[in-house]
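Asks: A single structure is presented below for examination.
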Amino acid sequence: MQENLTRILTMVQDGTISVEQGTELIELLKTPPLKESTDKILRVRIQSDQTEKVEVNLPITLAKILLQTSEQILPNIPQLKDYVTQIDLAQLSYAVEHELTGTIVDIQSANDDYVSIFIEEQ
């Protein structure tokens with residue numbers, strides 16, 4: 001729990017999420033734990049000519065918590081804002097909840113922006 005709390009506080013400090021969203025996530029950490037998770041990692045990769053390369057690696061347990069509030073958080077991440085509408089959050093949630101391994105989202109736009117979301121063993 002300490003590692004997840006530190007990650008949430010870092011996201012608030014970096015301005016990735018608001019204080020209110022951070023508070024909500026911390027409250028979610030206090031809820032009974034989800035089913036025992038493995039050492040799987042949710043990885044998000046974004047490559048674009050207009051922005052910096054973005055790599056996000058989340059323990060699957062934290063990804064499950066974040067997906068519970070994803071509708072509020074994802075649109076507020078500047079690098080994801082243009083792609084959120086193309087991501088099937090129900091499919092993403094299902095894959096994370098069931099800890100499916102492999103590629104979940106693979107988007108390449110006409111101007112060669114690339115978004116990839118996948119789960120793999122750590």
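Going by the structure tokens order, chains are called A, B, ..., each with residues numbered from 1, while ligands are numbered from 1 in the order shown.
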Give me the residues within 9 Å of A:Ile8 as a ChimeraX atom specification, counting only C-alpha atoms and dropping any in the same chain fewer than 3 places off.

Replies: /A:3-5,11-13,17,22-23,25-26

Asks: Report as a ChimeraX atom specification all protein, DNA and RNA residues lying within 9 Å of A:Glu97, evaluated on only C-alpha atoms, omitting residues in the same chain fewer than 6 positions from it.

Replies: /A:60-61,63-64

Asks: Rounded to one decimal in Å, what is the spacing between atom CA of A:Thr103 and atom CA of A:Asp14?

Replies: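 One can read the atom CA of A:Thr103 to atom CA of A:Asp14 distance as 27.8 Å.
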
Asks: Have a look at atom CA of A:Leu28 and atom CA of A:Ile46 and let me know their distance in Å, one decimal.

Replies: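 Those two atoms sit 27.3 Å apart.
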
Asks: Leaving out A:Lys40 and any residue of its chain fewer than 5 positions from it, which residues lie within 10 Å of it when counting only C-alpha atoms, given as a list in words?

Replies: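 Skipping anything fewer than 5 positions along the chain leaves Leu58, Pro59, Ile60, Thr61, Val96, Glu99, Leu100, Thr101, Ile119, Glu120, Glu121 and Gln122 of chain A.
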
Asks: Just how far from atom CA of A:Tyr114 is atom CA of A:Leu92, in Å to one decimal?

Replies: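 Distance reported for this atom pair: 17.0 Å.
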
Asks: Name the closest residue to A:Asp106 among the candidates A:Ser93, A:Gln47, A:Glu52, A:Ile65; distances are taken between atoms, counting only C-alpha atoms.

Replies: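 Smallest distance to A:Asp106 is found for A:Gln47.
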
Asks: For A:Gln21, which residue out of A:Asp113, A:His98, A:Leu9, A:Lys53 is the nearest one, using only C-alpha atoms?

Replies: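 Checking each candidate against A:Gln21, we get A:Leu9 as the closest.
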